[in-house]
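Have a look at the structure below, then the notes.
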Amino acid sequence: MLLNTTKHLMFGESTGDLIDRDIPIFVERYKPAGVEAQTQERDTSTAPLALIFLHGMSLHKETWEPTIQRLFEVQATAGRSMIAEAWTMDLPNHGEAAALKYVSTAVKGPGAMPAHTAARTLRSFIASGLIAEGTRVVTVGHSAGGVVSILSTLGTALDDLPYSFMILVEPATFSREISRTMLSKPLLGLNMATEAVMKRRDTWPSREVARDWLRNRLPWRRWDPRILDLFIQHGLKDLPTAGDPERVTLACPREHERQGYLAHEEMLAGHEHLAALCEAVPVHCIFGTVHDLLSEEMQQSTIEGRRMASIAKVEGGHLLVQEAPDAVAMSIWNAIKHETVGLRGKL
C-alpha cells in the first residue's frame, strides 16, 4: 500500500524555568494514498484515530514505518478507515533532530536529554494544530517512548487528558523495589546495556560498511531487514573527513544513550504515574516473550496493581518494534479494535 508522507519541523515552547524554544521537533505524517477517513460529523466514541508513535532510546522516528505500513494494510482489508493518520516524532537528540547539532539550555549533564523534556516536546506537537481536527489522539510508545508518553500527561487533570487511549510497547518503567534490586545485579540486562554502550563501535567509513558490520552483531542481526535499512538511512549521520568523505557515525551519540539508561528516576516517575492513568484512560501493554533488556520482574512490576485494558505478548525481545514490526502491528490493531466502537462486531 502506498502511503503519503509529510514532514514538519517545529520548535518547542518556553515552559517554566526551562527554555525549550531551541529544541527542534521533527514529525512525519503518514496517510494512505487516495483514502480519506471521515473526521467530521461523528461523535467522539467513533471518531477516527490519529496515532502518535514514539521510538525507543538511540533509535529514530522512521523505525515505525513497517509497523505503520502493516497497520494501514490491515485496515484496508477490514474495510474501515478508522485510523485517519499516523504520526512519528524524533525524540530530542535522535534522528534528524540530532543532526542539527543544536545546544539546548534544557540539556543537563554531558549530552543527557531528560524524558521530561521530550514529554514537553510531545505536548508542543499535540498543541501545534498539525493533527487532523476531529480525530481521537492515541500514543504508541516503545521503551523510552512509552515513558515519554506517560510523562507527557503530568500536570494535566486526569479528566482532561489529550489521549483517548494509550499503547505501551515494552515500556521502560519499573518499581522502586526493582530499582534497588538492580543496584545489586550488575548482570541484569539494563545494567549490562548501560556498560556495553560506551564500548560499542560508533563510526564507519561508509553506510555500506556500517550495514555489513551491524547486521552480523547483536542486537541488529535480529532486526527485520527493513528496520536495519531504515537505521542505516536515518539512525546514522554524515561525519566526513578529508580522508573519509563518506564517513558516518551514530545520530544518537553513545553517551546520550548511556545517560538515557541511567535515567532511573524518570522511569520510576513513569511507573508511579501509570496507576492513575490506567484509571483515567484505557492503557494497553505489549510485551516481548524474551527477557533480554527488561527482566520478567520489571514487566510484572509495570502491570501489577494496575487495571490494564489489555496485555499482549509478542515473540521477541525488548526491541520488538525492530525484531517483529508486523506482529507488533497486529497487537496494536487488536488494541484499536478493543477501543473502537465502529469496529466491534465486524472485525
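Residues in the C-alpha cells are numbered from 1 in each chain, the chains being A, B, ... in the order shown, and ligands are numbered from 1 in the order shown.
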Residues of region 278-335 of chain A in strand (DSSP E) according to DSSP, as a list in words?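 Output for region 278-335 of chain A, strand (DSSP E) only: Val283, His284, Cys285, Ile286, Phe287, Gly288, Ser310, Ile311, Ala312, Lys313 and Val314 of chain A.
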Atoms to include: N, CA, C and O atoms. Write the selected residues as a short mmCIF file (atom, residue, chain, number, x, y, z; two decimals), in the first residue's frame.
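Result saved to selection_12.cif:
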data_model
loop_
_atom_site.label_atom_id
_atom_site.label_comp_id
_atom_site.auth_asym_id
_atom_site.auth_seq_id
_atom_site.Cartn_x
_atom_site.Cartn_y
_atom_site.Cartn_z
N VAL A 283 -5.29 1.80 28.97
CA VAL A 283 -3.87 1.65 28.67
C VAL A 283 -3.61 0.19 28.31
O VAL A 283 -3.90 -0.71 29.09
N HIS A 284 -3.08 -0.01 27.11
CA HIS A 284 -2.79 -1.36 26.61
C HIS A 284 -1.28 -1.58 26.65
O HIS A 284 -0.51 -0.68 26.30
N CYS A 285 -0.85 -2.77 27.03
CA CYS A 285 0.57 -3.12 27.11
C CYS A 285 0.89 -4.26 26.15
O CYS A 285 0.12 -5.22 26.05
N ILE A 286 2.03 -4.14 25.48
CA ILE A 286 2.54 -5.20 24.61
C ILE A 286 3.95 -5.53 25.09
O ILE A 286 4.82 -4.65 25.14
N PHE A 287 4.18 -6.78 25.46
CA PHE A 287 5.48 -7.22 25.97
C PHE A 287 6.08 -8.26 25.05
O PHE A 287 5.37 -9.00 24.36
N GLY A 288 7.41 -8.36 25.10
CA GLY A 288 8.10 -9.43 24.40
C GLY A 288 8.20 -10.67 25.27
O GLY A 288 8.12 -10.59 26.50
N SER A 310 -5.59 -4.16 28.25
CA SER A 310 -5.21 -5.46 27.68
C SER A 310 -3.71 -5.64 27.85
O SER A 310 -2.96 -4.66 27.98
N ILE A 311 -3.28 -6.88 27.84
CA ILE A 311 -1.85 -7.22 27.91
C ILE A 311 -1.59 -8.26 26.84
O ILE A 311 -2.20 -9.34 26.85
N ALA A 312 -0.72 -7.93 25.90
CA ALA A 312 -0.42 -8.84 24.79
C ALA A 312 1.04 -9.25 24.84
O ALA A 312 1.90 -8.52 25.35
N LYS A 313 1.32 -10.43 24.31
CA LYS A 313 2.68 -10.94 24.21
C LYS A 313 3.03 -11.15 22.74
O LYS A 313 2.24 -11.72 21.97
N VAL A 314 4.22 -10.70 22.37
CA VAL A 314 4.73 -10.88 21.01
C VAL A 314 6.08 -11.58 21.11
O VAL A 314 6.91 -11.21 21.95
#
Could you pull the residues within 7 Å of Gly270 (chain A), counting only C-alpha atoms, minus those fewer than 5 positions along the same chain, as an mmCIF file with all heavy atoms, in the first residue's frame?
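Saved file around.cif follows:
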data_model
loop_
_atom_site.group_PDB
_atom_site.id
_atom_site.type_symbol
_atom_site.label_atom_id
_atom_site.label_comp_id
_atom_site.auth_asym_id
_atom_site.auth_seq_id
_atom_site.Cartn_x
_atom_site.Cartn_y
_atom_site.Cartn_z
ATOM 1 N N VAL A 147 7.742 5.790 28.240
ATOM 2 C CA VAL A 147 7.941 6.669 29.394
ATOM 3 C C VAL A 147 7.575 8.106 29.024
ATOM 4 O O VAL A 147 6.885 8.805 29.773
ATOM 5 C CB VAL A 147 9.402 6.598 29.882
ATOM 6 C CG1 VAL A 147 9.628 7.567 31.039
ATOM 7 C CG2 VAL A 147 9.755 5.180 30.301
ATOM 8 N N ILE A 150 3.833 8.646 28.922
ATOM 9 C CA ILE A 150 3.263 8.723 30.274
ATOM 10 C C ILE A 150 3.568 10.082 30.895
ATOM 11 O O ILE A 150 2.676 10.763 31.422
ATOM 12 C CB ILE A 150 3.822 7.593 31.162
ATOM 13 C CG1 ILE A 150 3.367 6.228 30.650
ATOM 14 C CG2 ILE A 150 3.374 7.783 32.611
ATOM 15 C CD1 ILE A 150 4.066 5.057 31.324
ATOM 16 N N LEU A 151 4.841 10.508 30.829
ATOM 17 C CA LEU A 151 5.230 11.765 31.458
ATOM 18 C C LEU A 151 4.577 12.970 30.796
ATOM 19 O O LEU A 151 4.435 14.026 31.431
ATOM 20 C CB LEU A 151 6.752 11.913 31.422
ATOM 21 C CG LEU A 151 7.563 10.878 32.212
ATOM 22 C CD1 LEU A 151 9.059 11.177 32.108
ATOM 23 C CD2 LEU A 151 7.126 10.840 33.667
ATOM 24 N N THR A 173 9.567 1.073 32.372
ATOM 25 C CA THR A 173 9.116 1.507 33.686
ATOM 26 C C THR A 173 9.274 0.356 34.668
ATOM 27 O O THR A 173 9.142 -0.805 34.297
ATOM 28 C CB THR A 173 7.631 1.937 33.653
ATOM 29 O OG1 THR A 173 6.838 0.832 33.191
ATOM 30 C CG2 THR A 173 7.428 3.121 32.722
#
Determine, counting only C-alpha atoms, which protein, DNA and RNA residues have an atom within 12 Å of an atom of Thr156 (chain A); residues of the same chain fewer than 2 positions away are not included. Present the result as a PyMOL selection string. chain A and resi 120+123+150-154+158-163+273+276-277+280
For Leu319 (chain A), please output as a ChimeraX atom specification all residues within 10 Å (counting only C-alpha atoms; exclusion window: fewer than 4 positions along the same chain). /A:56,142-143,169-170,219-220,222-223,287-288,290,292-293,323-325
Keeping C-alpha atoms, export the residues of the selection given above as a compact mmCIF listing (two decimals), in the first residue's frame.
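What follows is the written file selection-v4.txt:
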# COMPACT_ATOMS: atom_id res chain seq x y z
CA GLY A 56 12.98 3.98 21.94
CA HIS A 142 8.08 1.87 22.70
CA SER A 143 10.56 1.59 25.58
CA VAL A 169 5.26 -1.46 23.91
CA GLU A 170 7.86 -2.83 26.33
CA PRO A 219 21.10 -6.61 18.56
CA TRP A 220 20.95 -5.59 14.90
CA ARG A 222 17.85 -9.90 14.99
CA TRP A 223 16.19 -6.95 13.32
CA PHE A 287 5.48 -7.22 25.97
CA GLY A 288 8.10 -9.43 24.40
CA VAL A 290 12.29 -12.81 25.65
CA ASP A 292 16.79 -9.56 27.49
CA LEU A 293 16.88 -5.86 28.43
CA GLU A 323 12.53 -7.53 15.51
CA ALA A 324 8.85 -8.14 14.73
CA PRO A 325 7.23 -5.00 13.27
As a VMD selection string, please: all residues of region 31-267 of chain A that backbone DSSP puts in helix (DSSP H, G or I). chain A and resid 61 to 78 95 to 99 115 to 126 144 to 151 158 to 160 176 to 182 189 to 199 207 to 214 220 to 222 225 to 235 254 to 261 264 to 267
Using only C-alpha atoms, which of A:Gln300, A:Thr6, A:Thr139, A:Ser124 sits nearest Leu54 (chain A)? A:Thr139
Of the residues A:Met57, A:Ile25, A:Leu214, A:Leu294, which is the one nearest to Leu122 (chain A), using only C-alpha atoms? A:Ile25
Could you check which of A:Glu279, A:Glu85, A:Glu73, A:Glu28 is closest to His60 (chain A), using only C-alpha atoms? A:Glu28
Contact residues around Gly141 (chain A) with only C-alpha atoms at 8 Å, ignoring same-chain residues under 3 positions, as a list in words: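 Counting only C-alpha atoms, the residues come to Phe53, Leu54, His55, Gly56, Ala144, Gly145, Gly146, Val147, Val148, Ser149, Ile167, Leu168, Val169 and Pro171 of chain A.
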Restricting the calculation to only C-alpha atoms, which member of A:Gly129, A:Pro253, A:Pro240, A:Gly235 is positioned closest to Arg200 (chain A)?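 Using only C-alpha atoms, Arg200 (chain A) sits closest to A:Pro253.
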